[in-house]
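Q: This is the structure I have questions about; it appears just below.
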Amino acid sequence: MPTLTTTRARLAVTTATVLLAAGAPAAYATLGDQDPGATATARGAAYLETRLFFGTERPDGGPDVTDQQFMAFVDREVTPAFPEGLTVQDGRGQWRDASGRIERERSYELILLYPAAEAKARDPRIERIRAAYQRAFGQESVARLDERTSVDF
C-alpha cells in the first residue's frame, strides 16, 4: 500500500507532466514555421538617435560637475543646437581612463532624436557639444552612440 508521501510525490510528478505537456504545443507553436512577412509593421519616420555620455569627475581632481552646471551647459550648448527637444537622464558609469585606471562616476546621458535625412547637418552640432563639454569641464572624452530607429510622435 502506497504511503502518503509516495502518493503526494506521484501526484506532483503527474501534475507537472500534464502541465508541461499542455504547455509544449503552445511553446513550440511560437518557434515553428512563421511567415517572415508576418512581423508587425514599423511605425514612424526614419530617425537617428544619438546618445552622449558625460562624466562628472574631473581628471585634474577638481570638484565634480554639479547638476546646476550640467543643466546650464545644456541650456547654453545643447538647446540652441537641438531646440526640437532632448532627454537628459542621470547615470552611473565606469570606463578606463588614459592612464589605464578604471574610473567610476556619476554621469549624464543626453538623448537626441533627429530625422535621418538631417544627419549630415546635425553631426557638426553634436561634435561641437562634445568638444565644448570637454573644454568646459576638463574631460578626456564624451562618449557617443548613434543608432537608426523609427519615430512616431
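Each chain of the C-alpha cells is named A, B, ... in the order shown, its residues numbered from 1; ligands are numbered from 1 in display order.
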For Gln69 (chain A), list every protein, DNA or RNA residue within 12 Å, evaluated using only C-alpha atoms, and leave out those in the same chain fewer than 4 positions away; present the list as a PyMOL selection string.
A: chain A and resi 56+63-65+73-77+108+133+136-137
Q: I want to know what sits within 8 Å of Leu113 (chain A), based on only C-alpha atoms, with residues of the same chain fewer than 3 positions away left out; could you give that as an MDAnalysis selection string?
A: chainID A and resid 47:50 85:86
Q: For the structure I just gave you, how does DSSP split region 48-104 of chain A - specifically, which residues are strand (DSSP E)? Reply as a PDB file with C-alpha atoms, in the first residue's frame.
A:
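Once written, states.pdb looks like this:
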```pdb
ATOM      1  CA  LEU A  48      18.754  58.781 -35.802  1.00  0.00           C
ATOM      2  CA  GLU A  49      19.108  58.515 -32.053  1.00  0.00           C
ATOM      3  CA  THR A  50      22.341  59.927 -30.683  1.00  0.00           C
ATOM      4  CA  ARG A  51      23.269  59.313 -27.071  1.00  0.00           C
ATOM      5  CA  LEU A  52      26.058  61.277 -25.452  1.00  0.00           C
ATOM      6  CA  PHE A  53      27.565  60.186 -22.137  1.00  0.00           C
ATOM      7  CA  PHE A  54      29.012  62.919 -19.925  1.00  0.00           C
ATOM      8  CA  GLY A  55      31.173  62.096 -16.919  1.00  0.00           C
ATOM      9  CA  THR A  87      16.169  63.985 -22.914  1.00  0.00           C
ATOM     10  CA  VAL A  88      18.662  64.012 -20.037  1.00  0.00           C
ATOM     11  CA  GLN A  89      18.997  61.012 -17.722  1.00  0.00           C
ATOM     12  CA  ASP A  90      21.125  60.542 -14.624  1.00  0.00           C
ATOM     13  CA  GLY A  91      23.507  57.629 -14.690  1.00  0.00           C
ATOM     14  CA  ARG A  92      26.363  55.812 -13.040  1.00  0.00           C
ATOM     15  CA  GLY A  93      29.161  54.723 -15.292  1.00  0.00           C
ATOM     16  CA  GLN A  94      32.646  53.370 -15.456  1.00  0.00           C
ATOM     17  CA  TRP A  95      35.387  53.481 -18.029  1.00  0.00           C
ATOM     18  CA  ARG A  96      39.152  53.080 -18.309  1.00  0.00           C
ATOM     19  CA  ILE A 102      39.035  52.199 -14.078  1.00  0.00           C
ATOM     20  CA  GLU A 103      37.022  55.258 -13.112  1.00  0.00           C
ATOM     21  CA  ARG A 104      33.507  55.053 -11.659  1.00  0.00           C
TER      22      ARG A 104
END
```
Q: Quick check, in Å to one decimal: how far apart do CA of Ala143 (chain A) and CA of Asp97 (chain A) lie?
A: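 Taking CA of Ala143 (chain A) as the start and CA of Asp97 (chain A) as the end point, the length is 12.3 Å.
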Q: Mind checking which residues fall within 12 Å of Ala117 (chain A), counting only C-alpha atoms, ignoring those fewer than 5 positions away in the same chain, and posting them as a ChimeraX atom specification?
A: /A:45-48,122-123,148
Q: As a list in words, list the residues of region 63-110 of chain A assigned to alpha helix (DSSP H) by DSSP on the backbone atoms of this structure.
A: Asp67, Gln68, Gln69, Phe70, Met71, Ala72 and Phe73 of chain A
Q: Got time to write the residues from that selection, N, CA and C atoms, as a CSV table (one decimal), in the first residue's frame?
A:
```
chain,number,residue,atom,x,y,z
A,67,ASP,N,24.7,69.3,-10.8
A,67,ASP,CA,23.5,69.3,-11.7
A,67,ASP,C,23.3,70.7,-12.3
A,68,GLN,N,23.5,71.7,-11.5
A,68,GLN,CA,23.3,73.1,-11.9
A,68,GLN,C,24.2,73.4,-13.1
A,69,GLN,N,25.5,73.0,-12.9
A,69,GLN,CA,26.5,73.3,-14.0
A,69,GLN,C,26.1,72.5,-15.3
A,70,PHE,N,25.7,71.3,-15.1
A,70,PHE,CA,25.4,70.5,-16.3
A,70,PHE,C,24.1,71.1,-17.0
A,71,MET,N,23.1,71.4,-16.2
A,71,MET,CA,21.9,71.9,-16.9
A,71,MET,C,22.1,73.3,-17.5
A,72,ALA,N,23.0,74.1,-16.9
A,72,ALA,CA,23.4,75.4,-17.6
A,72,ALA,C,24.1,75.1,-18.9
A,73,PHE,N,25.0,74.0,-18.9
A,73,PHE,CA,25.6,73.6,-20.1
A,73,PHE,C,24.6,73.2,-21.2
```
Q: Nearest residue to Leu110 (chain A) out of A:Ala132, A:Val151, A:Ala42, A:Ile126, using only C-alpha atoms?
A: A:Ile126
Q: When you count only C-alpha atoms, which of these residues is closest to Ser99 (chain A): A:Glu84, A:Glu140, A:Asp146, A:Glu127?
A: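 For Ser99 (chain A), the nearest of the candidates is A:Glu140.
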Q: What does the distance between CA of Val78 (chain A) and CA of Ile129 (chain A) come to in Å, to one decimal place?
A: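 Interatomic distance, CA of Val78 (chain A) to CA of Ile129 (chain A): 6.5 Å.
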Q: Quick one: of A:Ala81, A:Gly44, A:Arg58, A:Ala119, who's nearest to Gln134 (chain A), counting only C-alpha atoms?
A: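 That would be A:Arg58, the residue with the smallest distance to Gln134 (chain A).
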Q: Using only C-alpha atoms, which of the listed residues (A:Glu147, A:Ser141, A:Asp60, A:Leu112) sits closest to Arg125 (chain A)?
A: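 Counting only C-alpha atoms, the residue closest to Arg125 (chain A) is A:Leu112.
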Q: When distances are computed from only C-alpha atoms, which of A:Gly100, A:Phe82, A:Gln139, A:Leu145 shows the smallest separation from Ala121 (chain A)?
A: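 Ranking A:Gly100, A:Phe82, A:Gln139, A:Leu145 by distance to Ala121 (chain A), first place goes to A:Phe82.
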